[in-house]
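Structure below is work-v2.cif: mmCIF, C-alpha atoms and all ligand atoms.
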data_target
loop_
_atom_site.label_atom_id
_atom_site.label_comp_id
_atom_site.auth_asym_id
_atom_site.auth_seq_id
_atom_site.Cartn_x
_atom_site.Cartn_y
_atom_site.Cartn_z
CA MET D 1 190.90 -154.99 -77.00
CA LYS D 2 188.51 -154.61 -79.91
CA ARG D 3 185.49 -152.46 -79.15
CA LYS D 4 182.24 -154.36 -79.06
CA THR D 5 179.07 -153.25 -80.79
CA ILE D 6 176.15 -153.53 -78.41
CA ALA D 7 172.54 -152.84 -79.31
CA ILE D 8 170.32 -151.25 -76.67
CA LEU D 9 166.65 -151.97 -77.30
CA PHE D 10 164.23 -149.52 -75.75
CA GLY D 11 160.55 -148.52 -75.75
CA GLY D 12 158.37 -151.45 -76.78
CA HIS D 13 154.80 -152.41 -77.56
CA SER D 14 153.91 -152.59 -73.88
CA SER D 15 152.09 -150.66 -71.16
CA GLU D 16 155.54 -150.10 -69.67
CA TYR D 17 156.91 -148.22 -72.70
CA GLU D 18 157.57 -145.02 -70.73
CA VAL D 19 159.36 -146.87 -67.94
CA SER D 20 161.67 -148.46 -70.49
CA LEU D 21 162.66 -145.04 -71.88
CA GLN D 22 163.89 -143.94 -68.44
CA SER D 23 165.80 -147.17 -67.81
CA ALA D 24 167.40 -147.20 -71.28
CA ALA D 25 168.54 -143.56 -71.07
CA ALA D 26 170.31 -144.31 -67.77
CA VAL D 27 172.01 -147.44 -69.12
CA ILE D 28 173.21 -145.62 -72.26
CA ARG D 29 174.69 -142.80 -70.14
CA HIS D 30 176.61 -145.28 -67.99
CA MET D 31 178.06 -147.43 -70.76
CA ASP D 32 181.83 -147.26 -71.17
CA SER D 33 182.32 -145.55 -74.54
CA GLU D 34 185.96 -146.69 -74.65
CA LYS D 35 184.81 -150.30 -74.71
CA TYR D 36 181.47 -150.24 -76.49
CA ASP D 37 179.94 -148.81 -79.63
CA THR D 38 176.25 -148.47 -78.97
CA VAL D 39 173.55 -149.07 -81.55
CA LEU D 40 170.21 -147.73 -80.32
CA ILE D 41 167.10 -149.56 -81.42
CA GLY D 42 163.83 -147.90 -80.50
CA ILE D 43 160.49 -149.70 -80.64
CA THR D 44 157.46 -147.41 -80.65
CA LYS D 45 154.39 -148.05 -78.53
CA GLU D 46 152.68 -149.30 -81.69
CA GLY D 47 155.52 -151.76 -82.27
CA SER D 48 157.49 -150.15 -85.13
CA TRP D 49 161.27 -150.59 -85.07
CA PHE D 50 163.86 -147.88 -85.78
CA ARG D 51 167.57 -147.29 -85.43
CA PHE D 52 167.96 -144.05 -83.49
CA ARG D 53 171.07 -141.87 -83.69
CA GLY D 54 170.14 -139.22 -81.11
CA THR D 55 170.75 -138.70 -77.41
CA PRO D 56 169.57 -140.32 -74.15
CA GLU D 57 167.76 -137.03 -73.34
CA GLU D 58 165.60 -137.44 -76.43
CA ILE D 59 164.78 -141.00 -75.39
CA GLU D 60 163.93 -139.90 -71.85
CA LYS D 61 161.63 -137.14 -73.10
CA ASP D 62 159.99 -139.50 -75.59
CA ILE D 63 160.83 -137.31 -78.58
CA TRP D 64 163.28 -139.81 -80.07
CA HIS D 65 160.96 -141.06 -82.83
CA HIS D 66 160.52 -137.58 -84.27
CA LYS D 67 164.03 -137.47 -85.67
CA ASP D 68 167.28 -139.25 -86.51
CA CYS D 69 165.43 -142.51 -87.12
CA THR D 70 165.67 -145.10 -89.87
CA PRO D 71 163.40 -148.15 -90.08
CA ALA D 72 165.44 -151.11 -88.91
CA LEU D 73 164.98 -154.61 -87.53
CA ILE D 74 166.94 -157.46 -86.07
CA SER D 75 167.15 -160.21 -88.61
CA PRO D 76 166.62 -163.82 -87.51
CA ASP D 77 169.11 -164.71 -90.28
CA ARG D 78 172.23 -165.86 -88.44
CA SER D 79 174.56 -164.87 -91.29
CA ILE D 80 173.66 -161.21 -90.69
CA HIS D 81 174.12 -161.48 -86.91
CA GLY D 82 172.64 -158.07 -86.40
CA LEU D 83 170.52 -155.28 -87.70
CA ILE D 84 169.07 -154.56 -91.12
CA GLU D 85 168.65 -150.83 -91.64
CA PHE D 86 166.47 -149.42 -94.39
CA CYS D 87 168.39 -146.21 -95.18
CA LYS D 88 167.42 -143.76 -97.93
CA SER D 89 170.57 -144.83 -99.80
CA GLY D 90 169.62 -148.52 -99.58
CA ILE D 91 169.77 -151.46 -97.23
CA GLN D 92 172.61 -151.62 -94.74
CA THR D 93 173.48 -154.33 -92.23
CA VAL D 94 175.15 -153.78 -88.86
CA TYR D 95 176.95 -156.62 -87.07
CA LEU D 96 176.09 -156.82 -83.37
CA ASP D 97 178.29 -158.46 -80.72
CA GLY D 98 175.42 -158.44 -78.28
CA ALA D 99 172.03 -156.94 -77.54
CA PHE D 100 170.76 -155.54 -74.28
CA PRO D 101 166.96 -155.44 -74.19
CA ILE D 102 165.89 -152.74 -71.73
CA LEU D 103 162.22 -153.35 -72.31
CA HIS D 104 159.72 -153.92 -69.54
CA GLY D 105 156.57 -156.00 -69.64
CA LYS D 106 154.99 -157.77 -72.56
CA PHE D 107 156.89 -158.13 -75.86
CA GLY D 108 160.17 -157.28 -74.21
CA GLU D 109 160.54 -158.98 -70.86
CA ASP D 110 158.48 -162.05 -71.75
CA GLY D 111 160.84 -164.07 -73.95
CA THR D 112 159.69 -162.81 -77.34
CA ILE D 113 162.70 -160.53 -77.97
CA GLN D 114 164.97 -163.06 -76.27
CA GLY D 115 163.72 -165.72 -78.72
CA LEU D 116 164.41 -163.47 -81.69
CA LEU D 117 167.96 -162.85 -80.46
CA ALA D 118 168.47 -166.59 -79.98
CA LEU D 119 167.35 -167.24 -83.56
CA ALA D 120 169.67 -164.50 -84.79
CA GLY D 121 172.61 -165.95 -82.84
CA ILE D 122 173.15 -162.62 -81.06
CA PRO D 123 174.17 -162.91 -77.37
CA CYS D 124 171.38 -161.50 -75.22
CA ILE D 125 172.32 -159.59 -72.07
CA GLY D 126 170.12 -160.80 -69.25
CA CYS D 127 167.66 -163.66 -68.97
CA GLY D 128 166.94 -165.83 -72.01
CA LEU D 129 163.72 -167.03 -73.58
CA LEU D 130 162.71 -169.68 -71.04
CA SER D 131 163.28 -167.74 -67.83
CA SER D 132 161.78 -164.57 -69.30
CA ALA D 133 158.60 -166.42 -70.29
CA LEU D 134 158.36 -168.32 -66.99
CA CYS D 135 158.81 -165.22 -64.84
CA MET D 136 156.35 -163.17 -66.87
CA ASP D 137 153.55 -165.62 -66.19
CA LYS D 138 152.74 -165.07 -62.51
CA ASP D 139 150.92 -168.40 -62.11
CA THR D 140 153.61 -170.54 -63.76
CA ALA D 141 156.32 -168.83 -61.72
CA HIS D 142 154.38 -169.52 -58.51
CA LYS D 143 153.79 -173.18 -59.40
CA LEU D 144 157.50 -173.78 -60.00
CA ALA D 145 158.48 -171.93 -56.83
CA ALA D 146 155.94 -173.95 -54.80
CA ALA D 147 157.25 -177.19 -56.30
CA ALA D 148 160.70 -176.18 -55.03
CA GLY D 149 159.27 -175.80 -51.51
CA ILE D 150 158.96 -172.02 -51.40
CA ARG D 151 155.71 -170.58 -50.07
CA VAL D 152 153.56 -168.61 -52.52
CA PRO D 153 150.21 -166.83 -51.98
CA ALA D 154 147.08 -169.00 -52.32
CA SER D 155 145.54 -168.07 -55.68
CA VAL D 156 143.19 -168.92 -58.49
CA VAL D 157 143.47 -168.22 -62.23
CA ILE D 158 140.50 -166.80 -64.14
CA ASP D 159 140.61 -167.25 -67.90
CA LYS D 160 137.35 -165.59 -68.84
CA MET D 161 135.14 -162.92 -67.35
CA GLY D 162 132.22 -164.31 -65.38
CA ASP D 163 129.20 -162.83 -63.65
CA ALA D 164 129.28 -161.94 -59.94
CA VAL D 165 128.00 -165.39 -58.86
CA GLN D 166 130.54 -167.27 -60.98
CA LEU D 167 133.40 -165.05 -59.82
CA GLN D 168 132.51 -165.67 -56.19
CA ALA D 169 132.30 -169.40 -56.77
CA TRP D 170 135.73 -169.48 -58.43
CA THR D 171 137.30 -167.55 -55.54
CA PHE D 172 135.25 -168.85 -52.58
CA HIS D 173 138.23 -170.67 -51.00
CA LEU D 174 140.36 -167.51 -50.83
CA HIS D 175 140.43 -165.25 -47.77
CA TYR D 176 140.03 -161.50 -48.18
CA PRO D 177 141.74 -159.11 -48.71
CA LEU D 178 142.65 -160.25 -52.22
CA PHE D 179 144.89 -158.97 -54.97
CA VAL D 180 143.43 -159.15 -58.47
CA LYS D 181 146.11 -158.91 -61.16
CA PRO D 182 146.56 -159.32 -64.90
CA MET D 183 148.65 -162.49 -65.39
CA ASN D 184 151.31 -160.80 -67.52
CA ALA D 185 151.91 -157.17 -66.72
CA GLY D 186 154.21 -155.02 -64.67
CA SER D 187 154.53 -151.67 -62.88
CA SER D 188 151.32 -152.65 -61.00
CA PHE D 189 149.17 -151.93 -64.07
CA GLY D 190 145.68 -153.40 -63.77
CA ILE D 191 146.09 -154.49 -60.12
CA THR D 192 143.44 -153.90 -57.45
CA ARG D 193 143.40 -154.80 -53.77
CA ILE D 194 139.90 -155.70 -52.66
CA THR D 195 138.44 -156.25 -49.22
CA ASP D 196 135.05 -157.80 -50.01
CA ALA D 197 133.20 -159.79 -52.66
CA GLY D 198 131.25 -156.73 -53.81
CA GLN D 199 134.46 -155.35 -55.35
CA LEU D 200 135.42 -158.54 -57.16
CA ALA D 201 133.68 -158.09 -60.52
CA ASP D 202 135.03 -154.58 -61.14
CA ALA D 203 138.54 -155.61 -60.14
CA VAL D 204 138.51 -158.67 -62.42
CA ALA D 205 137.13 -156.62 -65.34
CA HIS D 206 139.86 -154.04 -64.80
CA ALA D 207 142.59 -156.71 -64.83
CA PHE D 208 141.11 -158.21 -68.01
CA SER D 209 141.54 -154.83 -69.71
CA TYR D 210 145.31 -155.52 -69.52
CA ASP D 211 145.46 -159.22 -70.28
CA THR D 212 143.53 -162.30 -71.36
CA SER D 213 144.14 -164.07 -68.08
CA VAL D 214 143.79 -162.89 -64.47
CA ILE D 215 145.20 -164.18 -61.18
CA VAL D 216 143.47 -163.59 -57.84
CA GLU D 217 145.71 -163.98 -54.80
CA GLU D 218 145.34 -163.80 -51.05
CA ALA D 219 147.08 -160.74 -49.64
CA ILE D 220 150.22 -161.61 -47.73
CA GLU D 221 150.72 -159.90 -44.41
CA GLY D 222 154.04 -158.24 -43.74
CA PHE D 223 156.21 -156.19 -46.04
CA GLU D 224 157.96 -156.54 -49.40
CA VAL D 225 161.65 -157.26 -49.71
CA GLY D 226 163.72 -157.44 -52.87
CA CYS D 227 167.04 -159.01 -53.74
CA ALA D 228 169.20 -158.28 -56.77
CA VAL D 229 170.86 -161.39 -58.23
CA LEU D 230 173.63 -161.34 -60.83
CA GLY D 231 175.45 -164.14 -62.63
CA LYS D 232 175.17 -167.49 -64.36
CA ASP D 233 176.84 -170.35 -62.50
CA GLN D 234 178.39 -168.28 -59.74
CA LEU D 235 175.77 -165.96 -58.32
CA ILE D 236 176.26 -162.63 -56.58
CA THR D 237 173.48 -161.04 -54.56
CA GLY D 238 173.05 -157.36 -53.76
CA ALA D 239 171.95 -155.96 -50.44
CA VAL D 240 168.32 -156.82 -49.60
CA ASP D 241 165.96 -153.85 -49.75
CA GLU D 242 162.59 -153.24 -48.12
CA ILE D 243 159.50 -151.34 -49.16
CA GLU D 244 157.80 -149.44 -46.39
CA LEU D 245 154.19 -148.74 -47.30
CA SER D 246 151.86 -146.46 -45.43
CA GLY D 247 148.58 -148.07 -46.39
CA GLY D 248 147.52 -149.38 -49.80
CA PHE D 249 150.03 -151.28 -51.91
CA PHE D 250 152.99 -150.57 -54.17
CA ASP D 251 150.94 -149.28 -57.10
CA PHE D 252 152.15 -147.45 -60.21
CA ASP D 253 152.03 -143.98 -58.60
CA GLU D 254 153.90 -145.09 -55.52
CA LYS D 255 156.52 -146.96 -57.53
CA TYR D 256 157.47 -143.86 -59.49
CA SER D 257 156.72 -141.06 -57.01
CA LEU D 258 157.37 -142.70 -53.61
CA LYS D 259 154.92 -140.15 -52.22
CA THR D 260 153.89 -142.10 -49.14
CA SER D 261 156.13 -145.17 -49.37
CA LYS D 262 159.82 -145.50 -48.79
CA ILE D 263 162.51 -147.89 -49.97
CA HIS D 264 165.05 -148.87 -47.37
CA MET D 265 168.32 -150.18 -48.71
CA PRO D 266 169.54 -152.12 -46.84
CA ALA D 267 166.32 -153.49 -45.36
CA ARG D 268 165.78 -152.88 -41.65
CA ILE D 269 166.12 -156.57 -40.80
CA ASP D 270 168.69 -158.67 -38.97
CA GLU D 271 171.57 -160.24 -40.86
CA VAL D 272 170.29 -163.81 -40.38
CA THR D 273 166.97 -162.90 -42.04
CA ALA D 274 168.75 -160.97 -44.81
CA LYS D 275 170.89 -164.03 -45.50
CA ARG D 276 167.79 -166.26 -45.67
CA ILE D 277 166.27 -163.87 -48.19
CA ARG D 278 169.44 -163.82 -50.30
CA GLU D 279 169.60 -167.64 -50.29
CA THR D 280 165.89 -167.90 -51.21
CA ALA D 281 166.42 -165.35 -54.00
CA LYS D 282 169.28 -167.43 -55.44
CA LYS D 283 167.19 -170.58 -55.22
CA LEU D 284 164.26 -168.93 -57.03
CA TYR D 285 166.64 -167.50 -59.65
CA ARG D 286 167.89 -171.03 -60.37
CA VAL D 287 164.46 -172.67 -60.21
CA LEU D 288 163.18 -170.22 -62.83
CA HIS D 289 166.30 -170.66 -65.02
CA CYS D 290 167.43 -167.04 -64.78
CA SER D 291 170.82 -165.90 -66.00
CA GLY D 292 172.60 -162.56 -66.25
CA PHE D 293 170.51 -160.59 -63.80
CA ALA D 294 167.08 -160.38 -62.18
CA ARG D 295 165.38 -158.84 -59.18
CA VAL D 296 163.64 -161.31 -56.91
CA ASP D 297 160.69 -159.89 -54.95
CA CYS D 298 159.27 -161.60 -51.86
CA PHE D 299 157.18 -160.79 -48.80
CA LEU D 300 158.48 -161.17 -45.28
CA THR D 301 155.66 -162.06 -42.90
CA PRO D 302 155.43 -161.01 -39.23
CA LYS D 303 156.44 -164.60 -38.36
CA GLY D 304 159.58 -164.26 -40.46
CA GLU D 305 158.37 -166.47 -43.29
CA ILE D 306 159.52 -165.65 -46.84
CA VAL D 307 156.74 -165.75 -49.45
CA PHE D 308 157.59 -165.47 -53.15
CA ASN D 309 155.94 -162.68 -55.15
CA GLU D 310 157.69 -162.42 -58.50
CA ILE D 311 160.96 -162.21 -60.42
CA ASN D 312 161.51 -159.19 -62.64
CA THR D 313 163.86 -160.34 -65.39
CA ILE D 314 164.36 -156.75 -66.60
CA PRO D 315 163.83 -154.64 -63.49
CA GLY D 316 163.83 -150.83 -63.52
CA PHE D 317 167.29 -149.65 -64.45
CA THR D 318 167.54 -145.92 -63.77
CA SER D 319 170.46 -144.94 -61.55
CA HIS D 320 168.05 -144.65 -58.59
CA SER D 321 166.16 -147.90 -59.33
CA ARG D 322 166.10 -150.72 -56.84
CA TYR D 323 168.33 -153.23 -58.67
CA PRO D 324 171.28 -150.84 -59.24
CA ASN D 325 170.86 -149.55 -55.68
CA MET D 326 171.03 -153.02 -54.16
CA MET D 327 174.24 -153.57 -56.12
CA LYS D 328 175.55 -150.21 -54.91
CA GLY D 329 174.81 -151.62 -51.45
CA ILE D 330 177.61 -154.18 -51.98
CA GLY D 331 179.95 -151.61 -53.48
CA MET D 332 179.25 -152.07 -57.20
CA SER D 333 178.83 -148.81 -59.11
CA PHE D 334 176.24 -148.44 -61.89
CA GLU D 335 179.04 -148.29 -64.52
CA GLU D 336 180.66 -151.43 -63.15
CA LEU D 337 177.29 -153.20 -63.05
CA ILE D 338 176.54 -152.45 -66.72
CA ASP D 339 180.04 -153.51 -67.66
CA ARG D 340 179.76 -156.83 -65.83
CA LEU D 341 176.38 -157.61 -67.35
CA ILE D 342 177.69 -157.05 -70.87
CA GLU D 343 180.98 -158.88 -70.30
CA MET D 344 179.16 -161.91 -68.93
CA GLU D 345 177.58 -162.50 -72.35
CA VAL D 346 179.95 -160.83 -74.76
CA LEU D 347 183.34 -162.30 -74.08
CA GLU D 348 186.58 -161.59 -75.88
N1 LIG U 401 149.60 -161.41 -52.69
C1 LIG U 401 149.94 -160.16 -52.37
N2 LIG U 401 149.97 -159.76 -51.06
C2 LIG U 401 150.31 -158.49 -50.72
N3 LIG U 401 150.63 -157.53 -51.61
C3 LIG U 401 150.62 -157.85 -52.92
C4 LIG U 401 150.29 -159.19 -53.38
N4 LIG U 401 150.39 -159.20 -54.72
C5 LIG U 401 150.74 -157.96 -55.09
N5 LIG U 401 150.88 -157.14 -54.03
C6 LIG U 401 151.22 -155.70 -54.09
O1 LIG U 401 151.03 -155.23 -55.41
C7 LIG U 401 152.28 -154.81 -55.99
C8 LIG U 401 152.35 -155.22 -57.44
O2 LIG U 401 152.17 -156.62 -57.59
P1 LIG U 401 153.15 -157.50 -58.48
O3 LIG U 401 152.65 -158.89 -58.48
O4 LIG U 401 154.55 -157.29 -58.02
O5 LIG U 401 152.91 -156.89 -59.93
P2 LIG U 401 153.85 -156.14 -60.97
O6 LIG U 401 154.37 -157.20 -61.86
O7 LIG U 401 152.92 -155.20 -61.65
O8 LIG U 401 154.95 -155.45 -60.20
C9 LIG U 401 153.32 -155.47 -55.12
O9 LIG U 401 154.53 -154.76 -55.16
C10 LIG U 401 152.64 -155.43 -53.75
O10 LIG U 401 152.71 -154.13 -53.18
MG MG U 402 156.19 -156.27 -58.80
#
If you took the structure in this file and wrote it as structure tokens, what would it be?
Ligand SMILES: Nc1ncnc2c1ncn2[C@@H]1O[C@H](COP(=O)(O)OP(=O)(O)O)[C@@H](O)[C@H]1O
Ligand SMILES: [Mg+2]
Amino acid sequence: MKRKTIAILFGGHSSEYEVSLQSAAAVIRHMDSEKYDTVLIGITKEGSWFRFRGTPEEIEKDIWHHKDCTPALISPDRSIHGLIEFCKSGIQTVYLDGAFPILHGKFGEDGTIQGLLALAGIPCIGCGLLSSALCMDKDTAHKLAAAAGIRVPASVVIDKMGDAVQLQAWTFHLHYPLFVKPMNAGSSFGITRITDAGQLADAVAHAFSYDTSVIVEEAIEGFEVGCAVLGKDQLITGAVDEIELSGGFFDFDEKYSLKTSKIHMPARIDEVTAKRIRETAKKLYRVLHCSGFARVDCFLTPKGEIVFNEINTIPGFTSHSRYPNMMKGIGMSFEELIDRLIEMEVLE
């Protein structure tokens, strides 16, 4: 079998740049070097593109852009089908059999990179343009899920900052506590949980510092459950996991330190409920046109109702992240997972 050349895109012009470095380093370490030649493409926080020839450790420590880098970019020109590298000796092109964007948040998980790869004719590992864009926009994702009969939190979208009176008028029909979130972000950046109207203006202003549009949602009672989904036509689901919070919500600190919260994999729920969650996750994955892989996040209420929160089209991908762990829960190793994801797109 001929070895395939796979680009790994990491970093990105996004508030989740650092998270991407950790995920990408883990994926690179677990790629089968017998099967794949890896081309590393780093995007700085400012949005500059480079081919990087160093190690996953340098990516993880965020020192990759200090060395072994040449300016490079993916060309939309389909005849190149890959990378253009601006070396000291001149311009060089590199044919790519596929590209694996391991970028979180805006300009990475939102369809922009996926669109570029589609133009270039390079198979993209993971969700494509449409599903990436739909899942990134929290309001659009909720509207489509609701249209498919899945419960979503009551919410309102705010497109411009208003004064305290206006903000209260726009949100008067919602019951506190509320979650105020930037429309397109991740890792809980810009999110505040508020318990009364006096906190609304500050929370909305904070969310606007991350995005040009804000969504205000009613808090859902219960706890969060996640389900890893893999595949295109035939879907596989991982074990369902559960987030146990001790007060507050799953904010950035908790997500990456797990100081007071805990992730249970498998979730401490009965098999009938777990099956309902897996079926709902598959339905949402299809409704939002996902393919390749995605992590579907929902709430499970005290009455046993499943409420949709969001789909992460490029979820955290370190070896202890939730998606790989849920797959481990059905017996799929991290190496096997990476291999399956690549093979799904980059066939013989
Ligand atoms: N409507 C809600 N009800 C209860 N908790 C919520 C709600 N929305 C968000 N949260 C909490 O905030 C966290 C982050 O929100 P989420 O919409 O998943 O944003 P992100 O894309 O940043 O992960 C969730 O994991 C959950 O703990
Ligand atoms: Mg989330």
So that I can see what lies close to D:Ser20, please list as an NGL selection string the residues with an atom at most 7 Å from it, counting only C-alpha atoms and leaving out residues fewer than 5 positions away in the same chain. :D and (10-11 or 102-104)
Can you write out as a Markdown table which residues of chain D fall within 9 Å of ligand LIG 401 (chain U), alongside each residue's closest atom pair and its distance in Å to one decimal, counting only C-alpha atoms and all ligand atoms and ordering rows by chain and ascending residue number?
| residue | atom | partner | partner_atom | distance |
| --- | --- | --- | --- | --- |
| D:Gly105 | CA | U:LIG401 | O6 | 8.2 |
| D:Met136 | CA | U:LIG401 | O6 | 8.0 |
| D:Lys138 | CA | U:LIG401 | O3 | 7.4 |
| D:Val152 | CA | U:LIG401 | N1 | 8.2 |
| D:Pro153 | CA | U:LIG401 | N1 | 5.5 |
| D:Ala154 | CA | U:LIG401 | N1 | 8.0 |
| D:Ser155 | CA | U:LIG401 | N1 | 8.4 |
| D:Pro177 | CA | U:LIG401 | N2 | 8.6 |
| D:Leu178 | CA | U:LIG401 | N1 | 7.1 |
| D:Phe179 | CA | U:LIG401 | N4 | 5.5 |
| D:Val180 | CA | U:LIG401 | N4 | 7.9 |
| D:Lys181 | CA | U:LIG401 | O3 | 7.1 |
| D:Pro182 | CA | U:LIG401 | O7 | 8.2 |
| D:Met183 | CA | U:LIG401 | O6 | 8.6 |
| D:Asn184 | CA | U:LIG401 | O6 | 7.4 |
| D:Ala185 | CA | U:LIG401 | O6 | 5.4 |
| D:Gly186 | CA | U:LIG401 | O7 | 3.3 |
| D:Ser187 | CA | U:LIG401 | O7 | 4.1 |
| D:Ser188 | CA | U:LIG401 | O7 | 3.1 |
| D:Phe189 | CA | U:LIG401 | O7 | 5.5 |
| D:Gly190 | CA | U:LIG401 | O7 | 7.8 |
| D:Ile191 | CA | U:LIG401 | C8 | 6.8 |
| D:Thr192 | CA | U:LIG401 | O1 | 8.0 |
| D:Arg193 | CA | U:LIG401 | O1 | 7.8 |
| D:Val216 | CA | U:LIG401 | N1 | 8.3 |
| D:Glu217 | CA | U:LIG401 | N1 | 5.1 |
| D:Glu218 | CA | U:LIG401 | N1 | 5.2 |
| D:Ala219 | CA | U:LIG401 | N2 | 3.4 |
| D:Ile220 | CA | U:LIG401 | N2 | 3.8 |
| D:Glu221 | CA | U:LIG401 | C2 | 6.5 |
| D:Gly222 | CA | U:LIG401 | C2 | 7.9 |
| D:Phe223 | CA | U:LIG401 | C2 | 7.9 |
| D:Glu224 | CA | U:LIG401 | O10 | 6.9 |
| D:Ile243 | CA | U:LIG401 | O10 | 8.4 |
| D:Leu245 | CA | U:LIG401 | O10 | 8.1 |
| D:Gly248 | CA | U:LIG401 | O10 | 7.8 |
| D:Phe249 | CA | U:LIG401 | O10 | 4.1 |
| D:Phe250 | CA | U:LIG401 | O10 | 3.7 |
| D:Asp251 | CA | U:LIG401 | C7 | 5.8 |
| D:Phe252 | CA | U:LIG401 | O7 | 7.9 |
| D:Lys255 | CA | U:LIG401 | O9 | 8.4 |
| D:Asp297 | CA | U:LIG401 | O4 | 7.3 |
| D:Cys298 | CA | U:LIG401 | O4 | 8.9 |
| D:Phe299 | CA | U:LIG401 | C2 | 7.5 |
| D:Val307 | CA | U:LIG401 | N1 | 9.0 |
| D:Phe308 | CA | U:LIG401 | N1 | 9.0 |
| D:Asn309 | CA | U:LIG401 | O3 | 6.0 |
| D:Glu310 | CA | U:LIG401 | O4 | 6.0 |
| D:Ile311 | CA | U:LIG401 | O6 | 8.4 |
| D:Asn312 | CA | U:LIG401 | O6 | 7.5 |
Report the distance between atom CA of D:Ala148 and atom CA of D:Ala133 in Å, rounded to one decimal place.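 Going from atom CA of D:Ala148 over to atom CA of D:Ala133, I get 18.2 Å.
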List the residues sitting within 8 Å of (151.4, -153.6, -76.3) in the file's frame, using only C-alpha atoms, as a list of chain:residue names. D:Gly12, D:His13, D:Ser14, D:Ser15, D:Lys45, D:Glu46, D:Gly47, D:Lys106, D:Phe107
Distance criterion (all atoms listed in the file): nearest to D:Leu73 out of D:Ser261, D:Ser48, D:Thr38, D:Ser23: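 Going through D:Ser261, D:Ser48, D:Thr38, D:Ser23 one by one, the smallest distance to D:Leu73 is for D:Ser48.
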Atom CA of D:Tyr285 to atom CA of D:Met327: how many Å, to one decimal? 16.3 Å
Could you check how far atom CA of D:Ile59 sits from atom CA of D:Asp253, in Å to one decimal?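 It comes out at 21.3 Å.
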Minimum-distance residue to D:Ile338, chosen among D:Phe293, D:Leu288, D:Gly82, D:Ile306 (using all atoms listed in the file):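 Selected residue with least distance to D:Ile338: D:Phe293.
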I'd like to know which of D:Gly42, D:Gly331, D:Gly115, D:Gly226 is closest to ligand MG 402 (chain U), using all atoms listed in the file.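 Distance minimum relative to ligand MG 402 (chain U) lands on D:Gly226.
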Could you tell me which of D:Val27, D:Ala201, D:Leu83, D:Val225 comes closest to ligand MG 402 (chain U) if we count all atoms listed in the file?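 Of D:Val27, D:Ala201, D:Leu83, D:Val225, the one nearest ligand MG 402 (chain U), counting all atoms listed in the file, is D:Val225.
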